[in-house]
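Visitor: Before I ask anything, let me first share the structure, which is written out below as structure tokens.
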Amino acid sequence: MKLQVLHPSNRDIRFALGDLEAILLQELWETDGRLSVKELHIRVSRNRAVAVTTVATILDRLHRKGIVSRKLAREGGGHYLYSARLTEDQFKHVVVHDVMGALLRGFNDVTVAYLAERMTDKPTDRKIISKYLSKLKKGSKDDRSS
Amino acid sequence: MIEVHRLFLFFAWFLLGPINPHAFHYVPVALPLAMAVLGLGLVFVSKRSFRGRSIALLCILAFMFYQSLELIVFGLHAGLTRPDPVSVGINRLFSFFLDVNLGLAIAGVLAAFGVAVFLEFGKSRLPLANLFPEDSFLEPPAQVIQSVNKLSDLAGISPPQVSLIDSGKPCALITRSKQGFVMAVSVGLLESLDAEELEACLAHELSHLKNRDFIVRFLATMGKVGLFSRPWGYFIEPAIYRERELLADKTAVELLGRPNSLISALTKIRESQSHEFNQSGSIGIVCLFNSVSKNRLMQLFDKHPTIDARIRALQETW
């Protein structure tokens with residue numbers, strides 16, 4: 001999966017995706033099977049005026065980013081059937097992994113210091129990080145004993 | 001004291017193109033000047049004829065190119081047999097510019113012939129697979145092949161090969177390959193347009209063949225390269241391309257007898273352009289819709305008219 005532009009002011013998956021990209025991906029997550037451009041266009045058009053060519057263009061971009069997969073269907077002249085490659089949780093995991101990885105590579109000291117600071121400042125963050133650290137410790141103990 | 005004829009030659013050189021400084025007489029200046037005025041006149045007179053305007057613009061380029069050839073033939077001959085009398089001061093400066101111009105004219109003509117060879121045997125002769133990843137070509141649907149054959153019959157041309165591009169972006173283009181002309185449409189185009197809109201897009205591409213746009217574009221590019229040291233080629237060449245696009249729209253509508261399908265297809269494409277669209281505008285490829293600059297000044301250098309301009313032209317004509 002390739003993340004290109006980040007939008008730090010957005011809180012949900014639009015942090016890593018454009019507006020329409022996020023809407024289309026949500027639609028795909030809500031569907032178990034595969035959807036065509038026309039089917040997605042009908043769903044998106046309920047809440048927002050958008051051209052079918054725009055939907056096709058955005059889906060192609062999501063495909064190039066590796067976020068959705070597609071299969072060519074020959075019926076009716078040829079069209080793609082799109083599906084999400086990752087679940088919502090997997091997607092969020094990849095976004096955080098990529099962003100934190102980039103920060104740690106680029107600004108290692110500052111990033112680590114910031115995480116440590118958050119751990120002491122915010123009780124909720126502290127809880128999550130402590131829980132994760134103990135999980136890590138337990139994992140490494142298990143590794144050593146085995 | 002400034003020699004008037006040198007001053008005149010200098011400005012004529014700047015405006016029109018290479019002027020023969022050695023065998024000076026007014027014919028080499030007056031002839032292209034007259035042709036340029038005539039050409040510009042035709043541009044305005046034929047305001048409603050895209051074909052007329054593109055040919056008029058091509059004439060202007062052709063006469064400037066002719067000036068380059070004349071400068072080389074006469075300039076080299078006269079320079080070798082009867083050197084320019086020694087000038088002083090500002091006149092020496094003018095002579096210097098004119099001599100530099102001789103060099104530029106030679107370089108331009110050589111480059112133009114180089115480009116001609118390249119276009120004939122190089123890139124534009126390469127198969128379409130060299131412009132897109134090799135694995136992005138699929139067997140086209142039978143409906144598209146049938147439409148292309150039907151429209152080719154209507155246009156009175158032999159049908160090109162048809163290929164399907166494995167891309168979700170709406171795109172249609174026509175290019176030359178070693179095997180002949182190839183028309184390619186993307187899956188994105190098939191799934192975005194209805195049957196009539198798709199037929200209108202195919203008709204637009206076939207109109208480029210019917211109108212012999214590959215020859216016109218070839219000559220325009222040669223003219224621009226030949227006059228690379230002059231500013232005009234950089235404006236005239238894309239203007240010719242734009243006129244041919246508008247002409248292809250008009251021809252497509254004449255073939256189908258209904259403008260609404262093409263207008264509707266263009267309207268849909270316009271919507272998606274604001275999100276993303278960028279298709280190669282390389283020499284030798286005629287694409288249905290290329291990305292066009294938003295800056296009005298930069299649009300002078302775009303080889304495609306804006307979609308708004310295309311829709312407007314269709315609405316005015318029909």
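Identifiers in the structure tokens: chain A, B, ... in order shown; residue index from 1 per chain; ligand index from 1 in order shown.
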With only C-alpha atoms considered, list every residue of chain B at most 7 Å from chain A, as a list of chain:residue names.

Guide: B:Pro141, B:Gln143, B:Ser167, B:Gly168, B:Lys169, B:Pro170, B:Val187, B:Gly188, B:Leu190, B:Glu191, B:Ser192, B:Lys268, B:Ile269, B:Glu271, B:Ser272, B:His275, B:Glu276

Visitor: Take the residues from that selection and write them out as a PDB file, in the first residue's frame, keeping C-alpha atoms.

Guide:
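Wrote part.pdb, looks like this:
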```
ATOM      1  CA  PRO B 141     -14.835  -6.380 -26.252  1.00  0.00           C
ATOM      2  CA  GLN B 143     -19.024  -4.432 -29.112  1.00  0.00           C
ATOM      3  CA  SER B 167      -6.751   1.086 -16.637  1.00  0.00           C
ATOM      4  CA  GLY B 168      -9.640   2.482 -14.673  1.00  0.00           C
ATOM      5  CA  LYS B 169      -9.046   6.028 -15.906  1.00  0.00           C
ATOM      6  CA  PRO B 170     -11.349   7.039 -18.759  1.00  0.00           C
ATOM      7  CA  VAL B 187     -11.763  -0.153 -19.252  1.00  0.00           C
ATOM      8  CA  GLY B 188     -12.464   3.053 -17.307  1.00  0.00           C
ATOM      9  CA  LEU B 190     -16.168   1.548 -21.124  1.00  0.00           C
ATOM     10  CA  GLU B 191     -17.577   1.469 -17.611  1.00  0.00           C
ATOM     11  CA  SER B 192     -18.127   5.234 -17.351  1.00  0.00           C
ATOM     12  CA  LYS B 268     -18.649  13.454 -17.775  1.00  0.00           C
ATOM     13  CA  ILE B 269     -14.921  13.589 -18.499  1.00  0.00           C
ATOM     14  CA  GLU B 271     -16.086  16.155 -13.969  1.00  0.00           C
ATOM     15  CA  SER B 272     -13.309  13.643 -13.451  1.00  0.00           C
ATOM     16  CA  HIS B 275      -9.809  14.953  -9.546  1.00  0.00           C
ATOM     17  CA  GLU B 276      -7.161  13.461 -11.702  1.00  0.00           C
TER      18      GLU B 276
END
```

Visitor: So that I can see what lies close to region 111-117 of chain A, please list as number ranges by chain the residues with an atom at most 12 Å from it, counting only C-alpha atoms and leaving out residues fewer than 6 positions away in the same chain.

Guide: A: 99-105, 123, 125-126, 128-130

Visitor: For a test of reading the model, state the distance in Å between CA of Arg244 (chain B) and CA of Asp302 (chain B), rounded to one decimal.

Guide: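 Answer for the CA of Arg244 (chain B) to CA of Asp302 (chain B) separation: 12.7 Å.
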
Visitor: Excluding Phe181 (chain B) and its own-chain neighbours fewer than 2 positions away, which residues fall within 10 Å of it when counting only C-alpha atoms? Please give them as number ranges by chain.

Guide: B: 125, 127-128, 158-162, 174-179, 183-184, 209

Visitor: For the strand (DSSP E or B) assignment from backbone DSSP, which residues of region 8-102 of chain A qualify? Please present them as an MDAnalysis selection string.

Guide: chainID A and resid 35:36 68:73 79:84

Visitor: Let's have the selection written as an mmCIF file, in the first residue's frame, with N, CA and C atoms.

Guide:
```cif
data_model
loop_
_atom_site.group_PDB
_atom_site.id
_atom_site.type_symbol
_atom_site.label_atom_id
_atom_site.label_comp_id
_atom_site.auth_asym_id
_atom_site.auth_seq_id
_atom_site.Cartn_x
_atom_site.Cartn_y
_atom_site.Cartn_z
ATOM 1 N N LEU A 35 -17.855 -4.696 -6.067
ATOM 2 C CA LEU A 35 -18.799 -3.734 -6.641
ATOM 3 C C LEU A 35 -18.224 -3.133 -7.919
ATOM 4 N N SER A 36 -19.114 -2.859 -8.882
ATOM 5 C CA SER A 36 -18.668 -2.210 -10.114
ATOM 6 C C SER A 36 -18.687 -0.692 -9.911
ATOM 7 N N VAL A 68 -7.254 -0.979 -3.028
ATOM 8 C CA VAL A 68 -8.343 -1.857 -3.488
ATOM 9 C C VAL A 68 -7.802 -2.813 -4.555
ATOM 10 N N SER A 69 -8.487 -3.922 -4.715
ATOM 11 C CA SER A 69 -8.115 -4.820 -5.817
ATOM 12 C C SER A 69 -9.279 -4.842 -6.798
ATOM 13 N N ARG A 70 -9.005 -5.252 -8.017
ATOM 14 C CA ARG A 70 -10.085 -5.271 -9.008
ATOM 15 C C ARG A 70 -9.927 -6.473 -9.933
ATOM 16 N N LYS A 71 -11.068 -6.850 -10.492
ATOM 17 C CA LYS A 71 -11.107 -8.006 -11.375
ATOM 18 C C LYS A 71 -11.914 -7.591 -12.592
ATOM 19 N N LEU A 72 -11.407 -7.916 -13.775
ATOM 20 C CA LEU A 72 -12.121 -7.527 -14.995
ATOM 21 C C LEU A 72 -13.273 -8.489 -15.258
ATOM 22 N N ALA A 73 -14.472 -7.938 -15.437
ATOM 23 C CA ALA A 73 -15.630 -8.762 -15.793
ATOM 24 C C ALA A 73 -15.968 -8.454 -17.246
ATOM 25 N N HIS A 79 -16.017 -4.366 -17.575
ATOM 26 C CA HIS A 79 -15.932 -3.428 -16.458
ATOM 27 C C HIS A 79 -15.175 -4.102 -15.314
ATOM 28 N N TYR A 80 -14.718 -3.296 -14.370
ATOM 29 C CA TYR A 80 -14.010 -3.852 -13.224
ATOM 30 C C TYR A 80 -14.985 -4.102 -12.075
ATOM 31 N N LEU A 81 -14.631 -5.088 -11.247
ATOM 32 C CA LEU A 81 -15.334 -5.290 -9.981
ATOM 33 C C LEU A 81 -14.313 -5.022 -8.881
ATOM 34 N N TYR A 82 -14.593 -4.040 -8.058
ATOM 35 C CA TYR A 82 -13.629 -3.604 -7.045
ATOM 36 C C TYR A 82 -13.952 -4.194 -5.669
ATOM 37 N N SER A 83 -12.898 -4.469 -4.899
ATOM 38 C CA SER A 83 -13.086 -4.847 -3.487
ATOM 39 C C SER A 83 -11.914 -4.291 -2.684
ATOM 40 N N ALA A 84 -12.135 -4.100 -1.381
ATOM 41 C CA ALA A 84 -11.057 -3.562 -0.524
ATOM 42 C C ALA A 84 -10.024 -4.656 -0.282
#
```

Visitor: Skip Gly41 (chain B) itself and residues of its chain fewer than 5 positions away, then list as an MDAnalysis selection string all residues within 12 Å of it, counting only C-alpha atoms.

Guide: chainID B and resid 34:36 46:47 52:53 56:57 59:60

Visitor: I need the chosen residues saved as a short mmCIF file (atom, residue, chain, number, x, y, z; two decimals), in the first residue's frame, with C-alpha atoms.

Guide:
```cif
data_model
loop_
_atom_site.label_atom_id
_atom_site.label_comp_id
_atom_site.auth_asym_id
_atom_site.auth_seq_id
_atom_site.Cartn_x
_atom_site.Cartn_y
_atom_site.Cartn_z
CA ALA B 34 2.58 39.15 -47.19
CA MET B 35 2.07 35.44 -46.53
CA ALA B 36 1.95 35.96 -42.79
CA SER B 46 -12.30 31.33 -41.49
CA LYS B 47 -13.31 31.85 -37.90
CA GLY B 52 -9.29 26.51 -42.59
CA ARG B 53 -7.68 27.94 -39.49
CA ALA B 56 -3.75 28.87 -42.50
CA LEU B 57 -1.56 28.48 -39.41
CA CYS B 59 0.95 28.02 -44.09
CA ILE B 60 2.51 30.61 -41.78
#
```

Visitor: What is the CA of Ala195 (chain B) to CA of Ser207 (chain B) distance in Å?

Guide: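 Going from CA of Ala195 (chain B) over to CA of Ser207 (chain B), I get 18.2 Å.
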